[in-house]
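Everything below concerns the one structure shown next.
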Amino acid sequence: MVIPFSRPLALTQGDPAGIGPDITLMAWLRRRELGLPPFFLIGDPDVLALRARQLNLAVSIRETDKASEAAGMFADALPVMTILAGIEVVAGEPHAATAKGTIAAIEKAVSLVITGEALAVVTNPIAKAVLYEAGFRFPGHTEFLADLAARATGRPVTPVMMLSGPKLRAIPVTIHIPVRDVPQALTGELIVETCRIAHEDLRQRFGIETPRLAVAGLNPHAGEGGAIGKEDEDIIRPAIERLRDEGIDAIGPLPADTMFHDEARARYDVAVCMYHDQALIPAKALGFDDSVNVTLGLPFVRTSPDHGTAFGIAGKGLAREQSLVAALKLAAQLGRSAESCR
């Protein structure tokens with residue numbers, strides 16, 4: 001049975017040549033079995049219809065221009081708010097001509113959540129290289145969403161990327177930058193601000209009264225007291241001391257190679273890591289199919305599957321919808337928590 005919700009989730013199509021259409025169709029087909037919250041897709045209905053035929057999936061697709069209608073349609077049809085792809089899309093063959101529609105879908109989803117018409121934003125995977133060809137100037141989804149939020153509210157927004165799974169929550173302090181640039185980008189203020197946002201969102205949205213933050217070191221063995229790099233003692237440790245002075249339960253810097261086994265994870269609620277792969281490798285290793293990308297620090301809820309576009313398997317019936325299902329469920333949960341806090 002589908003869980004009743006006052007407002008549906010706004011789901012973006014992502015790159016239409018990737019597996020976003022596949023997993024959207026598959027998730028909708030399991031809506032009753034899994035008790036999914038109502039959602040509507042923002043994208044090209046023709047892309048969905050073609051992909052459904054390719055995958056031999058019997059999905060009724062119904063167009064709508066009102067988010068308020070989507071919840072009523074959801075039981076019998078997959079609601080779609082139309083934004084055209086721009087070209088005839090071939091599964092597995094990305095094209096820069098689709099970038100405009102991909103970007104417009106994200107903008108529309110954010111607009112609908114800001115105005116209160118949708119409960120939360122859930123984004124299917126995008127291909128950043130495809131968007132860059134079309135002039136996209138943001139490193140990724142996270143930074144683009146923060147810019148849209150700042151423009152909508154008139155207030156600066158610091159986005160924090162978190163992978164949330166049943167075994168681990170992990171946050172990278174620096175995100176989509178080359179590894180060689182991490183030491184220069186890493187500052188005490190950035191670490192403190194990231195941890196403050198994580199602390200507040202874990203309290204307000206995840207319902208953790210006193211979040212426990214485990215902060216990783218940058219270097220092997222957390223710098224070995226300065227013998228293997230100075231950043232851990234000069235930047236990370238003073239930031240942790242500031243956080244503790246503010247009443248935030250933060251420990252570290254901890255050697256990253258001993259932070260993620262079962263016993264270690266039992267001692268904290270979120271691992272705060274210094275760079276992208278330091279956080280995402282353990283998060284995906286411990287929960288690839290059921291982890292969710294959550295953007296903290298936004299004035300609305302946004303989740304996403306923890307995987308990419310997977311062009312190589314698009315349209316072939318090999319994609320798995322579990323991470324999208326988890327993203328939809330978590331978005332609804334966090335959206336309702338945000339409502340109750342108002």
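Letters for chains follow the order of the structure tokens (A, B, ...), residue numbers begin at 1 for each chain, and ligand numbers begin at 1 in the order shown.
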Practice task
Do a neighbour search on Arg302 of chain A at 7 Å with only C-alpha atoms, toss out local chain neighbours closer than 5 positions, and write the hits as a ChimeraX atom specification.
Solution key: /A:120-122,294-295,331
Output file for the selection above: N, CA and C atoms, as a PDB file, in the first residue's frame:
```pdb
ATOM      1  N   ALA A 120      10.100  17.420  -1.314  1.00  0.00           N
ATOM      2  CA  ALA A 120      11.564  17.355  -1.336  1.00  0.00           C
ATOM      3  C   ALA A 120      12.022  17.113  -2.768  1.00  0.00           C
ATOM      4  N   VAL A 121      13.314  17.302  -2.991  1.00  0.00           N
ATOM      5  CA  VAL A 121      13.934  17.063  -4.289  1.00  0.00           C
ATOM      6  C   VAL A 121      14.702  15.746  -4.234  1.00  0.00           C
ATOM      7  N   VAL A 122      14.468  14.895  -5.219  1.00  0.00           N
ATOM      8  CA  VAL A 122      15.272  13.685  -5.399  1.00  0.00           C
ATOM      9  C   VAL A 122      15.843  13.759  -6.812  1.00  0.00           C
ATOM     10  N   VAL A 294      22.825  12.712   0.421  1.00  0.00           N
ATOM     11  CA  VAL A 294      21.978  13.750   1.015  1.00  0.00           C
ATOM     12  C   VAL A 294      22.765  15.050   1.047  1.00  0.00           C
ATOM     13  N   THR A 295      22.162  16.136   0.606  1.00  0.00           N
ATOM     14  CA  THR A 295      22.822  17.435   0.699  1.00  0.00           C
ATOM     15  C   THR A 295      22.325  18.150   1.950  1.00  0.00           C
ATOM     16  N   ALA A 331      14.056  10.861   1.528  1.00  0.00           N
ATOM     17  CA  ALA A 331      13.573  12.214   1.224  1.00  0.00           C
ATOM     18  C   ALA A 331      12.221  12.461   1.884  1.00  0.00           C
TER      19      ALA A 331
END
```
Practice task
Extract the full set of strand (DSSP E or B) residues from segment 104-255 of chain A according to DSSP on the backbone, and format it as JSON, numbers by chain.
Solution key: {"A": [121, 122, 123, 160, 161, 162, 163, 164, 169, 170, 171, 172, 212, 213, 214, 215, 216, 249, 250, 251, 252, 253, 254]}
Output N, CA and C atoms of each residue in that selection to a file, as a short mmCIF file (atom, residue, chain, number, x, y, z; two decimals), in the first residue's frame.
```cif
data_model
loop_
_atom_site.label_atom_id
_atom_site.label_comp_id
_atom_site.auth_asym_id
_atom_site.auth_seq_id
_atom_site.Cartn_x
_atom_site.Cartn_y
_atom_site.Cartn_z
N VAL A 121 13.31 17.30 -2.99
CA VAL A 121 13.93 17.06 -4.29
C VAL A 121 14.70 15.75 -4.23
N VAL A 122 14.47 14.89 -5.22
CA VAL A 122 15.27 13.69 -5.40
C VAL A 122 15.84 13.76 -6.81
N THR A 123 17.15 13.60 -6.94
CA THR A 123 17.78 13.78 -8.25
C THR A 123 18.35 12.47 -8.77
N VAL A 160 26.69 20.72 2.18
CA VAL A 160 27.50 19.64 2.73
C VAL A 160 26.97 18.32 2.17
N MET A 161 27.85 17.59 1.54
CA MET A 161 27.49 16.31 0.92
C MET A 161 27.65 15.19 1.94
N MET A 162 26.60 14.39 2.10
CA MET A 162 26.68 13.25 3.01
C MET A 162 26.16 11.99 2.33
N LEU A 163 26.92 10.90 2.42
CA LEU A 163 26.43 9.59 2.01
C LEU A 163 25.86 8.93 3.26
N SER A 164 24.58 8.56 3.19
CA SER A 164 23.89 8.00 4.35
C SER A 164 23.41 6.60 4.03
N ARG A 169 27.30 6.84 7.87
CA ARG A 169 27.11 8.16 7.30
C ARG A 169 28.50 8.78 7.16
N ALA A 170 28.80 9.32 5.98
CA ALA A 170 30.13 9.88 5.76
C ALA A 170 30.03 11.18 4.98
N ILE A 171 30.83 12.15 5.38
CA ILE A 171 30.83 13.49 4.78
C ILE A 171 32.24 13.83 4.30
N PRO A 172 32.41 14.25 3.06
CA PRO A 172 33.70 14.80 2.63
C PRO A 172 33.70 16.32 2.82
N ARG A 212 27.35 12.46 17.29
CA ARG A 212 28.76 12.19 17.55
C ARG A 212 29.51 12.22 16.23
N LEU A 213 30.47 13.13 16.10
CA LEU A 213 31.22 13.32 14.87
C LEU A 213 32.63 12.76 15.02
N ALA A 214 33.01 11.86 14.14
CA ALA A 214 34.38 11.34 14.10
C ALA A 214 35.09 12.01 12.92
N VAL A 215 36.14 12.76 13.20
CA VAL A 215 36.81 13.56 12.18
C VAL A 215 38.11 12.87 11.77
N ALA A 216 38.22 12.56 10.48
CA ALA A 216 39.40 11.88 9.97
C ALA A 216 40.58 12.82 9.81
N ASP A 249 30.05 17.38 19.87
CA ASP A 249 30.77 16.16 20.22
C ASP A 249 31.57 15.69 19.01
N ALA A 250 32.79 16.18 18.89
CA ALA A 250 33.66 15.83 17.78
C ALA A 250 34.96 15.25 18.33
N ILE A 251 35.45 14.17 17.70
CA ILE A 251 36.70 13.57 18.11
C ILE A 251 37.61 13.45 16.89
N GLY A 252 38.94 13.45 17.15
CA GLY A 252 39.89 13.31 16.07
C GLY A 252 41.05 14.28 16.23
N PRO A 253 41.90 14.40 15.22
CA PRO A 253 41.85 13.67 13.95
C PRO A 253 42.19 12.18 14.13
N LEU A 254 41.42 11.34 13.44
CA LEU A 254 41.57 9.90 13.56
C LEU A 254 42.20 9.34 12.29
#
```
Exercise for the section: Tell me which protein, DNA and RNA residues are within 8 Å of Lys167 of chain A, counting only C-alpha atoms, leaving out same-chain ones fewer than 3 positions away, and put them as a ChimeraX atom specification. Expected result: /A:265,286-287
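Checking A:Pro255, A:Gly188, A:Gly165, A:Gly101 one by one against Pro238 of chain A, counting only C-alpha atoms, you find the shortest gap at A:Gly188.
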Exercise for the section: Might you pull out every residue within 10 Å of Glu209 of chain A, with only C-alpha atoms counted and same-chain residues fewer than 4 positions away left off, and present them as a ChimeraX atom specification? Expected result: /A:199-200,202-204
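With only C-alpha atoms as the atoms that count, the minimum distance from Gly72 of chain A to the choices A:Gly20, A:Pro8, A:Gly135, A:Gly140 is reached by A:Pro8.
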Practice task
Mind checking which residues fall within 6 Å of Gly18 of chain A, counting only C-alpha atoms, ignoring those fewer than 6 positions away in the same chain, and posting them as a list in words?
Solution key: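 Using only C-alpha atoms, the neighbours found are Gly92, Thr309, Ala310, Phe311 and Ala314 of chain A.
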Would you mind exporting all heavy atoms of the selected residues as a PDB file, in the first residue's frame?
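The new file part_30.pdb reads:
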```
ATOM      1  N   GLY A  92      22.394   4.923 -23.277  1.00  0.00           N
ATOM      2  CA  GLY A  92      23.820   4.644 -23.272  1.00  0.00           C
ATOM      3  C   GLY A  92      24.656   5.568 -24.122  1.00  0.00           C
ATOM      4  O   GLY A  92      25.887   5.429 -24.159  1.00  0.00           O
ATOM      5  N   THR A 309      25.577   7.604 -13.672  1.00  0.00           N
ATOM      6  CA  THR A 309      24.651   7.396 -14.789  1.00  0.00           C
ATOM      7  C   THR A 309      24.722   5.997 -15.383  1.00  0.00           C
ATOM      8  O   THR A 309      23.753   5.550 -16.005  1.00  0.00           O
ATOM      9  CB  THR A 309      24.966   8.401 -15.912  1.00  0.00           C
ATOM     10  OG1 THR A 309      26.377   8.332 -16.216  1.00  0.00           O
ATOM     11  CG2 THR A 309      24.623   9.818 -15.479  1.00  0.00           C
ATOM     12  N   ALA A 310      25.832   5.310 -15.223  1.00  0.00           N
ATOM     13  CA  ALA A 310      25.996   3.921 -15.687  1.00  0.00           C
ATOM     14  C   ALA A 310      25.539   3.757 -17.137  1.00  0.00           C
ATOM     15  O   ALA A 310      24.720   2.898 -17.460  1.00  0.00           O
ATOM     16  CB  ALA A 310      25.233   2.965 -14.773  1.00  0.00           C
ATOM     17  N   PHE A 311      26.084   4.581 -18.031  1.00  0.00           N
ATOM     18  CA  PHE A 311      25.680   4.538 -19.438  1.00  0.00           C
ATOM     19  C   PHE A 311      25.829   3.135 -20.046  1.00  0.00           C
ATOM     20  O   PHE A 311      25.040   2.736 -20.904  1.00  0.00           O
ATOM     21  CB  PHE A 311      26.516   5.530 -20.261  1.00  0.00           C
ATOM     22  CG  PHE A 311      26.232   6.972 -19.953  1.00  0.00           C
ATOM     23  CD1 PHE A 311      27.241   7.811 -19.497  1.00  0.00           C
ATOM     24  CD2 PHE A 311      24.960   7.499 -20.122  1.00  0.00           C
ATOM     25  CE1 PHE A 311      26.989   9.140 -19.220  1.00  0.00           C
ATOM     26  CE2 PHE A 311      24.696   8.837 -19.851  1.00  0.00           C
ATOM     27  CZ  PHE A 311      25.718   9.654 -19.393  1.00  0.00           C
ATOM     28  N   ALA A 314      22.581   1.205 -19.390  1.00  0.00           N
ATOM     29  CA  ALA A 314      21.283   1.869 -19.596  1.00  0.00           C
ATOM     30  C   ALA A 314      20.492   1.160 -20.680  1.00  0.00           C
ATOM     31  O   ALA A 314      21.013   0.836 -21.748  1.00  0.00           O
ATOM     32  CB  ALA A 314      21.495   3.331 -19.970  1.00  0.00           C
TER      33      ALA A 314
END
```
Practice task
Write out as a PyMOL selection string the residues lying within 9 Å of Phe39 of chain A, counting only C-alpha atoms and excluding same-chain residues fewer than 4 positions away.
Solution key: chain A and resi 7-11+28+70-71+74+78-79+118+328
Using N, CA, C and O atoms, can you export the residues from the last selection as an mmCIF file, in the first residue's frame?
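File produced: again34.cif:
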```cif
data_model
loop_
_atom_site.group_PDB
_atom_site.id
_atom_site.type_symbol
_atom_site.label_atom_id
_atom_site.label_comp_id
_atom_site.auth_asym_id
_atom_site.auth_seq_id
_atom_site.Cartn_x
_atom_site.Cartn_y
_atom_site.Cartn_z
ATOM 1 N N ARG A 7 2.241 16.049 0.148
ATOM 2 C CA ARG A 7 2.856 16.578 -1.066
ATOM 3 C C ARG A 7 3.779 15.521 -1.662
ATOM 4 O O ARG A 7 4.449 14.798 -0.930
ATOM 5 N N PRO A 8 3.844 15.442 -2.972
ATOM 6 C CA PRO A 8 4.711 14.443 -3.605
ATOM 7 C C PRO A 8 6.159 14.921 -3.656
ATOM 8 O O PRO A 8 6.464 16.094 -3.475
ATOM 9 N N LEU A 9 7.047 13.994 -3.944
ATOM 10 C CA LEU A 9 8.451 14.288 -4.147
ATOM 11 C C LEU A 9 8.683 14.662 -5.605
ATOM 12 O O LEU A 9 8.067 14.083 -6.504
ATOM 13 N N ALA A 10 9.584 15.603 -5.833
ATOM 14 C CA ALA A 10 9.960 15.997 -7.192
ATOM 15 C C ALA A 10 11.228 15.246 -7.571
ATOM 16 O O ALA A 10 12.290 15.468 -6.977
ATOM 17 N N LEU A 11 11.126 14.342 -8.542
ATOM 18 C CA LEU A 11 12.244 13.519 -8.984
ATOM 19 C C LEU A 11 12.723 13.988 -10.351
ATOM 20 O O LEU A 11 11.944 14.024 -11.307
ATOM 21 N N TRP A 28 8.791 2.830 -9.626
ATOM 22 C CA TRP A 28 7.340 3.050 -9.656
ATOM 23 C C TRP A 28 6.596 1.705 -9.698
ATOM 24 O O TRP A 28 5.562 1.547 -9.032
ATOM 25 N N ALA A 70 -0.129 15.148 -8.805
ATOM 26 C CA ALA A 70 0.709 13.949 -8.927
ATOM 27 C C ALA A 70 0.364 12.880 -7.897
ATOM 28 O O ALA A 70 0.336 11.690 -8.220
ATOM 29 N N ALA A 71 0.131 13.292 -6.646
ATOM 30 C CA ALA A 71 -0.154 12.295 -5.612
ATOM 31 C C ALA A 71 -1.399 11.487 -5.947
ATOM 32 O O ALA A 71 -1.448 10.270 -5.721
ATOM 33 N N PHE A 74 -0.551 8.885 -8.728
ATOM 34 C CA PHE A 74 0.587 8.004 -8.503
ATOM 35 C C PHE A 74 0.211 6.525 -8.391
ATOM 36 O O PHE A 74 0.964 5.655 -8.837
ATOM 37 N N LEU A 78 2.537 6.773 -13.572
ATOM 38 C CA LEU A 78 3.723 7.538 -13.200
ATOM 39 C C LEU A 78 3.540 8.969 -13.695
ATOM 40 O O LEU A 78 3.532 9.222 -14.902
ATOM 41 N N PRO A 79 3.377 9.935 -12.779
ATOM 42 C CA PRO A 79 3.175 11.328 -13.211
ATOM 43 C C PRO A 79 4.471 11.928 -13.748
ATOM 44 O O PRO A 79 5.539 11.735 -13.168
ATOM 45 N N ALA A 118 6.126 20.797 -3.706
ATOM 46 C CA ALA A 118 6.687 19.455 -3.565
ATOM 47 C C ALA A 118 7.345 19.345 -2.196
ATOM 48 O O ALA A 118 7.782 20.338 -1.610
ATOM 49 N N LEU A 328 14.267 7.925 -2.235
ATOM 50 C CA LEU A 328 12.879 8.370 -2.161
ATOM 51 C C LEU A 328 12.338 8.251 -0.738
ATOM 52 O O LEU A 328 11.692 9.166 -0.212
#
```
Problem - In segment 177-261 of chain A, DSSP alpha helix (DSSP H) residues written as a ChimeraX atom specification - result: /A:182-185,188-204,231,237-245
Problem - Which residue of A:Pro299, A:Ala239, A:Gly207, A:Gly315 approaches Arg51 of chain A most closely, using only C-alpha atoms - result: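 Going through A:Pro299, A:Ala239, A:Gly207, A:Gly315 one by one, the smallest distance to Arg51 of chain A is for A:Gly315.
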Exercise for the section: Find the residues around segment 145-152 of chain A up to 12 Å (only C-alpha atoms counted), leave out those fewer than 3 positions away in its own chain, and share them as a PyMOL selection string. Expected result: chain A and resi 103-115+121-123+137-142+155-161+294-303
Next, the residues of the selection above should be written as a compact mmCIF listing (two decimals), in the first residue's frame with N, CA, C and O atoms.
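The file below, again_31.txt, is the result:
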```txt
# COMPACT_ATOMS: atom_id res chain seq x y z
N ILE A 103 19.43 20.38 -16.88
CA ILE A 103 19.59 21.52 -15.95
C ILE A 103 18.22 22.11 -15.60
O ILE A 103 17.94 22.43 -14.44
N ALA A 104 17.37 22.25 -16.61
CA ALA A 104 16.03 22.83 -16.38
C ALA A 104 15.21 21.98 -15.42
O ALA A 104 14.42 22.50 -14.61
N ALA A 105 15.38 20.66 -15.48
CA ALA A 105 14.64 19.77 -14.58
C ALA A 105 15.06 20.00 -13.13
O ALA A 105 14.21 20.01 -12.22
N ILE A 106 16.34 20.19 -12.90
CA ILE A 106 16.83 20.45 -11.54
C ILE A 106 16.29 21.79 -11.04
O ILE A 106 15.81 21.92 -9.91
N GLU A 107 16.35 22.79 -11.90
CA GLU A 107 15.84 24.12 -11.52
C GLU A 107 14.35 24.05 -11.19
O GLU A 107 13.88 24.68 -10.22
N LYS A 108 13.59 23.31 -11.98
CA LYS A 108 12.15 23.19 -11.75
C LYS A 108 11.87 22.49 -10.43
O LYS A 108 10.98 22.92 -9.67
N ALA A 109 12.60 21.42 -10.15
CA ALA A 109 12.38 20.69 -8.89
C ALA A 109 12.64 21.58 -7.69
O ALA A 109 11.85 21.60 -6.73
N VAL A 110 13.73 22.34 -7.73
CA VAL A 110 14.05 23.24 -6.62
C VAL A 110 12.97 24.31 -6.47
O VAL A 110 12.52 24.60 -5.35
N SER A 111 12.51 24.85 -7.58
CA SER A 111 11.46 25.86 -7.54
C SER A 111 10.19 25.33 -6.89
O SER A 111 9.57 26.00 -6.06
N LEU A 112 9.81 24.11 -7.22
CA LEU A 112 8.58 23.52 -6.68
C LEU A 112 8.70 23.24 -5.18
O LEU A 112 7.70 23.32 -4.45
N VAL A 113 9.90 22.90 -4.71
CA VAL A 113 10.07 22.67 -3.29
C VAL A 113 10.12 23.99 -2.53
O VAL A 113 9.54 24.14 -1.46
N ILE A 114 10.80 24.98 -3.11
CA ILE A 114 10.88 26.30 -2.47
C ILE A 114 9.49 26.90 -2.29
O ILE A 114 9.18 27.52 -1.27
N THR A 115 8.62 26.71 -3.29
CA THR A 115 7.26 27.27 -3.21
C THR A 115 6.31 26.39 -2.41
O THR A 115 5.14 26.75 -2.22
N VAL A 121 13.31 17.30 -2.99
CA VAL A 121 13.93 17.06 -4.29
C VAL A 121 14.70 15.75 -4.23
O VAL A 121 15.49 15.52 -3.31
N VAL A 122 14.47 14.89 -5.22
CA VAL A 122 15.27 13.69 -5.40
C VAL A 122 15.84 13.76 -6.81
O VAL A 122 15.09 13.98 -7.77
N THR A 123 17.15 13.60 -6.94
CA THR A 123 17.78 13.78 -8.25
C THR A 123 18.35 12.47 -8.77
O THR A 123 19.09 11.79 -8.07
N ARG A 137 28.74 25.48 -15.22
CA ARG A 137 29.91 26.03 -14.56
C ARG A 137 30.09 25.55 -13.12
O ARG A 137 30.93 26.07 -12.38
N PHE A 138 29.32 24.54 -12.72
CA PHE A 138 29.41 24.05 -11.35
C PHE A 138 30.13 22.70 -11.31
O PHE A 138 29.98 21.90 -12.23
N PRO A 139 30.88 22.43 -10.23
CA PRO A 139 31.57 21.14 -10.16
C PRO A 139 30.63 19.95 -10.15
O PRO A 139 30.99 18.86 -10.59
N GLY A 140 29.40 20.13 -9.63
CA GLY A 140 28.46 19.02 -9.57
C GLY A 140 27.09 19.45 -9.09
O GLY A 140 26.81 20.64 -8.91
N HIS A 141 26.24 18.45 -8.87
CA HIS A 141 24.88 18.68 -8.38
C HIS A 141 24.88 19.52 -7.10
O HIS A 141 24.09 20.47 -6.95
N THR A 142 25.73 19.13 -6.15
CA THR A 142 25.70 19.74 -4.81
C THR A 142 25.89 21.25 -4.89
O THR A 142 25.12 22.03 -4.29
N ARG A 155 20.06 34.29 0.56
CA ARG A 155 21.01 34.04 1.64
C ARG A 155 22.10 33.09 1.16
O ARG A 155 21.81 32.14 0.41
N PRO A 156 23.34 33.29 1.60
CA PRO A 156 24.41 32.37 1.20
C PRO A 156 24.15 30.97 1.77
O PRO A 156 23.60 30.83 2.86
N VAL A 157 24.53 29.97 1.02
CA VAL A 157 24.30 28.58 1.41
C VAL A 157 25.61 27.82 1.32
O VAL A 157 26.33 27.91 0.32
N THR A 158 25.94 27.09 2.36
CA THR A 158 27.10 26.20 2.33
C THR A 158 26.59 24.77 2.26
O THR A 158 26.04 24.26 3.23
N PRO A 159 26.75 24.11 1.10
CA PRO A 159 26.24 22.74 0.98
C PRO A 159 27.22 21.74 1.57
O PRO A 159 28.44 21.90 1.47
N VAL A 160 26.69 20.72 2.18
CA VAL A 160 27.50 19.64 2.73
C VAL A 160 26.97 18.32 2.17
O VAL A 160 25.79 18.00 2.32
N MET A 161 27.85 17.59 1.54
CA MET A 161 27.49 16.31 0.92
C MET A 161 27.65 15.19 1.94
O MET A 161 28.69 15.06 2.57
N VAL A 294 22.82 12.71 0.42
CA VAL A 294 21.98 13.75 1.01
C VAL A 294 22.77 15.05 1.05
O VAL A 294 23.92 15.06 1.47
N THR A 295 22.16 16.14 0.61
CA THR A 295 22.82 17.44 0.70
C THR A 295 22.32 18.15 1.95
O THR A 295 21.15 18.53 2.05
N LEU A 296 23.22 18.33 2.91
CA LEU A 296 22.91 19.07 4.13
C LEU A 296 23.15 20.56 3.90
O LEU A 296 23.82 20.96 2.95
N GLY A 297 22.58 21.37 4.75
CA GLY A 297 22.81 22.81 4.69
C GLY A 297 21.90 23.57 3.76
O GLY A 297 21.99 24.79 3.66
N LEU A 298 21.01 22.87 3.05
CA LEU A 298 20.07 23.53 2.15
C LEU A 298 18.78 23.89 2.89
O LEU A 298 18.43 23.25 3.89
N PRO A 299 18.02 24.86 2.38
CA PRO A 299 16.73 25.18 3.01
C PRO A 299 15.62 24.23 2.58
O PRO A 299 14.44 24.50 2.81
N PHE A 300 15.97 23.14 1.93
CA PHE A 300 15.01 22.11 1.53
C PHE A 300 15.73 20.77 1.57
O PHE A 300 16.97 20.70 1.68
N VAL A 301 14.99 19.71 1.46
CA VAL A 301 15.56 18.36 1.49
C VAL A 301 15.91 17.92 0.08
O VAL A 301 15.11 18.05 -0.85
N ARG A 302 17.13 17.40 -0.08
CA ARG A 302 17.53 16.82 -1.37
C ARG A 302 18.28 15.52 -1.13
O ARG A 302 19.21 15.45 -0.33
N THR A 303 17.84 14.48 -1.81
CA THR A 303 18.55 13.21 -1.79
C THR A 303 18.78 12.73 -3.21
O THR A 303 18.20 13.26 -4.16
```
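The two atoms in question, atom CA of Pro305 of chain A and atom CA of Leu324 of chain A, are spaced 4.9 Å apart.
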Problem - Nearest candidate to Gln322 of chain A (options A:Ser291, A:Ala17, A:Val80, A:Thr98; using only C-alpha atoms) - result: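 For Gln322 of chain A, the nearest of the candidates is A:Ser291.
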Exercise for the section: Could you tell me which of A:Glu241, A:Thr187, A:Lys329, A:Asp232 comes closest to Pro38 of chain A if we count only C-alpha atoms? Expected result: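 Using only C-alpha atoms, Pro38 of chain A sits closest to A:Lys329.
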Handout entry: Atom pair atom CA of Glu263 of chain A / atom CA of Asp289 of chain A: separation (Å)
Key = 22.3 Å
